[in-house]
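S.K.: This is structure37.tsv, which holds TSV, N, CA and C atoms:
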```tsv
chain	number	residue	atom	x	y	z
A	1	MET	N	0.84	-1.19	0.00
A	1	MET	CA	0.00	0.00	0.00
A	1	MET	C	0.88	1.25	0.00
A	2	THR	N	0.60	2.16	-0.87
A	2	THR	CA	1.36	3.39	-1.00
A	2	THR	C	0.93	4.38	0.08
A	3	PRO	N	1.89	4.96	0.82
A	3	PRO	CA	1.52	5.94	1.84
A	3	PRO	C	0.91	7.19	1.22
A	4	VAL	N	-0.03	7.77	1.93
A	4	VAL	CA	-0.72	8.98	1.45
A	4	VAL	C	0.05	10.21	1.92
A	5	PRO	N	0.46	11.07	0.98
A	5	PRO	CA	1.19	12.28	1.38
A	5	PRO	C	0.28	13.27	2.12
A	6	VAL	N	0.87	13.94	3.09
A	6	VAL	CA	0.19	14.96	3.86
A	6	VAL	C	0.80	16.31	3.49
A	7	GLU	N	-0.04	17.27	3.10
A	7	GLU	CA	0.48	18.60	2.82
A	7	GLU	C	0.89	19.26	4.12
A	8	LEU	N	2.02	19.97	4.07
A	8	LEU	CA	2.56	20.61	5.27
A	8	LEU	C	2.48	22.13	5.16
A	9	PRO	N	2.04	22.78	6.23
A	9	PRO	CA	2.06	24.24	6.24
A	9	PRO	C	3.49	24.71	6.54
A	10	SER	N	4.28	24.84	5.50
A	10	SER	CA	5.69	25.18	5.64
A	10	SER	C	6.14	25.96	4.42
A	11	THR	N	7.13	26.82	4.62
A	11	THR	CA	7.66	27.57	3.48
A	11	THR	C	8.67	26.75	2.68
A	12	SER	N	9.23	25.69	3.28
A	12	SER	CA	10.23	24.89	2.57
A	12	SER	C	9.75	23.48	2.25
A	13	LEU	N	8.97	22.88	3.15
A	13	LEU	CA	8.48	21.52	2.94
A	13	LEU	C	7.08	21.57	2.35
A	14	PHE	N	6.81	20.72	1.37
A	14	PHE	CA	5.50	20.72	0.72
A	14	PHE	C	4.64	19.56	1.21
A	15	LYS	N	5.18	18.33	1.14
A	15	LYS	CA	4.42	17.16	1.55
A	15	LYS	C	5.33	16.17	2.27
A	16	ALA	N	4.71	15.34	3.11
A	16	ALA	CA	5.42	14.25	3.78
A	16	ALA	C	4.53	13.02	3.74
A	17	ALA	N	5.17	11.86	3.57
A	17	ALA	CA	4.45	10.59	3.60
A	17	ALA	C	5.33	9.60	4.35
A	18	TYR	N	4.69	8.67	5.05
A	18	TYR	CA	5.45	7.70	5.83
A	18	TYR	C	4.99	6.29	5.50
A	19	ASP	N	5.96	5.43	5.22
A	19	ASP	CA	5.70	4.02	4.92
A	19	ASP	C	6.00	3.21	6.17
A	20	ASP	N	4.94	2.79	6.87
A	20	ASP	CA	5.11	2.02	8.12
A	20	ASP	C	5.82	0.69	7.89
A	21	GLN	N	5.57	0.07	6.76
A	21	GLN	CA	6.15	-1.24	6.49
A	21	GLN	C	7.67	-1.17	6.34
A	22	ARG	N	8.16	-0.09	5.72
A	22	ARG	CA	9.60	0.02	5.44
A	22	ARG	C	10.30	1.08	6.27
A	23	ALA	N	9.56	1.79	7.12
A	23	ALA	CA	10.10	2.88	7.95
A	23	ALA	C	10.82	3.93	7.11
A	24	ILE	N	10.15	4.32	6.01
A	24	ILE	CA	10.70	5.33	5.11
A	24	ILE	C	9.84	6.59	5.16
A	25	LEU	N	10.48	7.70	5.39
A	25	LEU	CA	9.83	9.00	5.38
A	25	LEU	C	10.16	9.67	4.05
A	26	GLN	N	9.14	10.03	3.30
A	26	GLN	CA	9.34	10.74	2.04
A	26	GLN	C	8.96	12.20	2.25
A	27	ILE	N	9.89	13.07	1.91
A	27	ILE	CA	9.67	14.51	2.01
A	27	ILE	C	9.75	15.12	0.63
A	28	GLN	N	8.74	15.91	0.27
A	28	GLN	CA	8.78	16.68	-0.97
A	28	GLN	C	8.91	18.15	-0.58
A	29	PHE	N	9.91	18.79	-1.15
A	29	PHE	CA	10.16	20.20	-0.89
A	29	PHE	C	9.35	21.05	-1.85
A	30	ARG	N	9.21	22.32	-1.52
A	30	ARG	CA	8.44	23.25	-2.36
A	30	ARG	C	9.05	23.39	-3.76
A	31	ASP	N	10.35	23.16	-3.89
A	31	ASP	CA	10.98	23.27	-5.22
A	31	ASP	C	10.75	22.02	-6.07
A	32	GLY	N	10.04	21.03	-5.51
A	32	GLY	CA	9.71	19.83	-6.27
A	32	GLY	C	10.61	18.64	-6.01
A	33	THR	N	11.75	18.84	-5.35
A	33	THR	CA	12.63	17.71	-5.08
A	33	THR	C	12.03	16.83	-3.98
A	34	THR	N	12.30	15.54	-4.09
A	34	THR	CA	11.80	14.57	-3.14
A	34	THR	C	12.96	13.74	-2.60
A	35	TYR	N	12.92	13.46	-1.31
A	35	TYR	CA	13.94	12.62	-0.67
A	35	TYR	C	13.24	11.55	0.15
A	36	ASP	N	13.79	10.35	0.11
A	36	ASP	CA	13.31	9.24	0.92
A	36	ASP	C	14.34	8.99	2.02
A	37	TYR	N	13.92	9.12	3.26
A	37	TYR	CA	14.79	8.91	4.42
A	37	TYR	C	14.48	7.56	5.03
A	38	ALA	N	15.50	6.71	5.20
A	38	ALA	CA	15.33	5.35	5.69
A	38	ALA	C	15.49	5.26	7.20
A	39	SER	N	14.88	4.24	7.78
A	39	SER	CA	15.00	3.91	9.21
A	39	SER	C	14.46	5.00	10.13
A	40	VAL	N	13.47	5.73	9.67
A	40	VAL	CA	12.87	6.79	10.48
A	40	VAL	C	11.77	6.17	11.34
A	41	PRO	N	11.84	6.34	12.67
A	41	PRO	CA	10.79	5.78	13.52
A	41	PRO	C	9.46	6.50	13.29
A	42	PRO	N	8.35	5.79	13.41
A	42	PRO	CA	7.05	6.42	13.17
A	42	PRO	C	6.78	7.60	14.11
A	43	GLU	N	7.32	7.55	15.32
A	43	GLU	CA	7.11	8.65	16.26
A	43	GLU	C	7.69	9.96	15.73
A	44	LEU	N	8.77	9.86	14.98
A	44	LEU	CA	9.40	11.05	14.42
A	44	LEU	C	8.51	11.67	13.33
A	45	PHE	N	7.88	10.83	12.53
A	45	PHE	CA	6.94	11.33	11.51
A	45	PHE	C	5.79	12.07	12.19
A	46	HIS	N	5.23	11.48	13.23
A	46	HIS	CA	4.11	12.12	13.94
A	46	HIS	C	4.56	13.41	14.63
A	47	ALA	N	5.77	13.42	15.13
A	47	ALA	CA	6.31	14.63	15.75
A	47	ALA	C	6.50	15.73	14.71
A	48	LEU	N	6.93	15.36	13.50
A	48	LEU	CA	7.05	16.33	12.41
A	48	LEU	C	5.70	16.96	12.11
A	49	LEU	N	4.67	16.14	12.02
A	49	LEU	CA	3.34	16.66	11.72
A	49	LEU	C	2.83	17.59	12.82
A	50	ALA	N	3.21	17.32	14.06
A	50	ALA	CA	2.74	18.13	15.19
A	50	ALA	C	3.62	19.34	15.48
A	51	ALA	N	4.79	19.41	14.89
A	51	ALA	CA	5.73	20.49	15.18
A	51	ALA	C	5.19	21.85	14.73
A	52	PRO	N	5.39	22.89	15.53
A	52	PRO	CA	4.94	24.23	15.12
A	52	PRO	C	5.66	24.73	13.86
A	53	SER	N	6.94	24.39	13.74
A	53	SER	CA	7.70	24.74	12.53
A	53	SER	C	8.23	23.46	11.91
A	54	LYS	N	7.65	23.07	10.79
A	54	LYS	CA	8.03	21.82	10.13
A	54	LYS	C	9.47	21.88	9.64
A	55	GLY	N	9.88	23.01	9.09
A	55	GLY	CA	11.23	23.16	8.57
A	55	GLY	C	12.29	23.08	9.67
A	56	VAL	N	12.05	23.74	10.80
A	56	VAL	CA	12.98	23.71	11.92
A	56	VAL	C	13.07	22.28	12.45
A	57	PHE	N	11.93	21.61	12.61
A	57	PHE	CA	11.94	20.23	13.10
A	57	PHE	C	12.72	19.34	12.15
A	58	PHE	N	12.46	19.47	10.86
A	58	PHE	CA	13.17	18.67	9.86
A	58	PHE	C	14.67	18.89	9.96
A	59	ASN	N	15.10	20.14	10.03
A	59	ASN	CA	16.53	20.45	10.08
A	59	ASN	C	17.20	19.92	11.36
A	60	HIS	N	16.49	19.92	12.46
A	60	HIS	CA	17.08	19.49	13.73
A	60	HIS	C	17.01	17.98	13.97
A	61	HIS	N	15.99	17.32	13.44
A	61	HIS	CA	15.75	15.92	13.80
A	61	HIS	C	15.86	14.91	12.66
A	62	ILE	N	15.87	15.39	11.42
A	62	ILE	CA	15.87	14.45	10.29
A	62	ILE	C	17.06	14.67	9.36
A	63	ARG	N	17.23	15.86	8.87
A	63	ARG	CA	18.32	16.16	7.92
A	63	ARG	C	19.67	15.80	8.54
A	64	GLY	N	20.45	15.02	7.80
A	64	GLY	CA	21.78	14.64	8.26
A	64	GLY	C	21.81	13.52	9.29
A	65	ARG	N	20.65	13.00	9.69
A	65	ARG	CA	20.61	11.97	10.72
A	65	ARG	C	20.18	10.60	10.20
A	66	PHE	N	19.65	10.55	8.98
A	66	PHE	CA	19.17	9.29	8.41
A	66	PHE	C	19.70	9.14	6.99
A	67	PRO	N	19.97	7.90	6.58
A	67	PRO	CA	20.38	7.69	5.18
A	67	PRO	C	19.23	8.07	4.26
A	68	PHE	N	19.55	8.63	3.10
A	68	PHE	CA	18.50	9.06	2.18
A	68	PHE	C	18.89	8.81	0.73
A	69	VAL	N	17.89	8.82	-0.10
A	69	VAL	CA	18.09	8.82	-1.55
A	69	VAL	C	17.21	9.93	-2.12
A	70	LYS	N	17.74	10.60	-3.12
A	70	LYS	CA	16.99	11.64	-3.79
A	70	LYS	C	16.06	10.98	-4.80
A	71	GLY	N	14.79	11.39	-4.78
A	71	GLY	CA	13.79	10.81	-5.68
A	71	GLY	C	13.75	11.54	-7.01
A	72	ASP	N	12.87	11.04	-7.87
A	72	ASP	CA	12.72	11.61	-9.21
A	72	ASP	C	11.81	12.83	-9.24
A	73	ALA	N	10.97	12.97	-8.20
A	73	ALA	CA	10.00	14.05	-8.13
A	73	ALA	C	9.25	14.11	-9.41
```
In structure tokens, what does this structure look like?
M.R.:
Amino acid sequence: MTPVPVELPSTSLFKAAYDDQRAILQIQFRDGTTYDYASVPPELFHALLAAPSKGVFFNHHIRGRFPFVKGDA
């Protein structure tokens, strides 16, 4: 089953989707680029959705902390 992307109220992040089966967080940025972050715990995805600033949360808790691949967008 393909995860459903959630639109984010952010100036830099556009959408996020989480694959529970594979523990992959997919982030689409406003510029259209997409990244898949591996081994992300589900609690971190939910914390991202609840964070007052999605971009600040992403920069502090996700960027540079998980292996990723750049998607085709």
S.K.: Can you tell me, as a ChimeraX atom specification, what residues are no more than 7 Å from region 47-57 of chain A when counting all atoms listed in the file, ignoring any on the same chain fewer than 2 positions away?
M.R.: /A:9-13,42-45,59-63
S.K.: Can you list every residue in chain A that DSSP puts in alpha helix (DSSP H), as a list in words?
M.R.: Pro42, Glu43, Leu44, Phe45, His46, Ala47, Leu48, Leu49, Ala50, Lys54, Gly55, Val56, Phe57, Phe58, Asn59, His60 and His61 of chain A
S.K.: One decimal, Å: what's the distance from CA of Ser39 (chain A) over to CA of Val6 (chain A), could you say?
M.R.: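 Computed distance, CA of Ser39 (chain A) to CA of Val6 (chain A), equals 19.2 Å.
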S.K.: Tell me which of A:Leu25, A:Asp31, A:Asp20, A:Thr2 sits closest to Phe58 (chain A), counting only C-alpha atoms.
M.R.: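 Ranked by minimum distance to Phe58 (chain A), first place goes to A:Leu25.
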S.K.: What does the structure give for the distance between CA of Arg30 (chain A) and CA of Lys15 (chain A), in Å to one decimal?
M.R.: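 Separation of CA of Arg30 (chain A) and CA of Lys15 (chain A): 8.3 Å.
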S.K.: What parts of region 16-47 of chain A does DSSP call strand (DSSP E or B)? I'd like the answer as a compact mmCIF listing (two decimals) with N, CA and C atoms, in the coordinates of the input.
M.R.:
```
# COMPACT_ATOMS: atom_id res chain seq x y z
N ALA A 16 4.71 15.34 3.11
CA ALA A 16 5.42 14.25 3.78
C ALA A 16 4.53 13.02 3.74
N ALA A 17 5.17 11.86 3.57
CA ALA A 17 4.45 10.59 3.60
C ALA A 17 5.33 9.60 4.35
N TYR A 18 4.69 8.67 5.05
CA TYR A 18 5.45 7.70 5.83
C TYR A 18 4.99 6.29 5.50
N ASP A 19 5.96 5.43 5.22
CA ASP A 19 5.70 4.02 4.92
C ASP A 19 6.00 3.21 6.17
N ILE A 24 10.15 4.32 6.01
CA ILE A 24 10.70 5.33 5.11
C ILE A 24 9.84 6.59 5.16
N LEU A 25 10.48 7.70 5.39
CA LEU A 25 9.83 9.00 5.38
C LEU A 25 10.16 9.67 4.05
N GLN A 26 9.14 10.03 3.30
CA GLN A 26 9.34 10.74 2.04
C GLN A 26 8.96 12.20 2.25
N ILE A 27 9.89 13.07 1.91
CA ILE A 27 9.67 14.51 2.01
C ILE A 27 9.75 15.12 0.63
N GLN A 28 8.74 15.91 0.27
CA GLN A 28 8.78 16.68 -0.97
C GLN A 28 8.91 18.15 -0.58
N PHE A 29 9.91 18.79 -1.15
CA PHE A 29 10.16 20.20 -0.89
C PHE A 29 9.35 21.05 -1.85
N THR A 34 12.30 15.54 -4.09
CA THR A 34 11.80 14.57 -3.14
C THR A 34 12.96 13.74 -2.60
N TYR A 35 12.92 13.46 -1.31
CA TYR A 35 13.94 12.62 -0.67
C TYR A 35 13.24 11.55 0.15
N ASP A 36 13.79 10.35 0.11
CA ASP A 36 13.31 9.24 0.92
C ASP A 36 14.34 8.99 2.02
N TYR A 37 13.92 9.12 3.26
CA TYR A 37 14.79 8.91 4.42
C TYR A 37 14.48 7.56 5.03
```
S.K.: Given only C-alpha atoms as the basis, pick out the residue of A:Asp36, A:Gln26, A:Gly64, A:Ala17 nearest to Pro5 (chain A).
M.R.: A:Ala17
S.K.: So how many Å separate CA of Ala38 (chain A) and CA of Leu8 (chain A), to one decimal?
M.R.: 19.9 Å
S.K.: So which one's closest to Asp19 (chain A), A:Gly71, A:His46, A:Phe66, A:Val4? Using only C-alpha atoms, please.
M.R.: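 The answer is A:Val4, which sits nearest to Asp19 (chain A).
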S.K.: Quick one: residues within 9 Å of Gly32 (chain A), only C-alpha atoms counted, chain neighbours fewer than 2 positions away excluded, as a compact mmCIF listing (two decimals) with N, CA and C atoms, in the frame of the given file?
M.R.:
```txt
# COMPACT_ATOMS: atom_id res chain seq x y z
N PHE A 14 6.81 20.72 1.37
CA PHE A 14 5.50 20.72 0.72
C PHE A 14 4.64 19.56 1.21
N GLN A 28 8.74 15.91 0.27
CA GLN A 28 8.78 16.68 -0.97
C GLN A 28 8.91 18.15 -0.58
N PHE A 29 9.91 18.79 -1.15
CA PHE A 29 10.16 20.20 -0.89
C PHE A 29 9.35 21.05 -1.85
N ARG A 30 9.21 22.32 -1.52
CA ARG A 30 8.44 23.25 -2.36
C ARG A 30 9.05 23.39 -3.76
N THR A 34 12.30 15.54 -4.09
CA THR A 34 11.80 14.57 -3.14
C THR A 34 12.96 13.74 -2.60
N ALA A 73 10.97 12.97 -8.20
CA ALA A 73 10.00 14.05 -8.13
C ALA A 73 9.25 14.11 -9.41
```
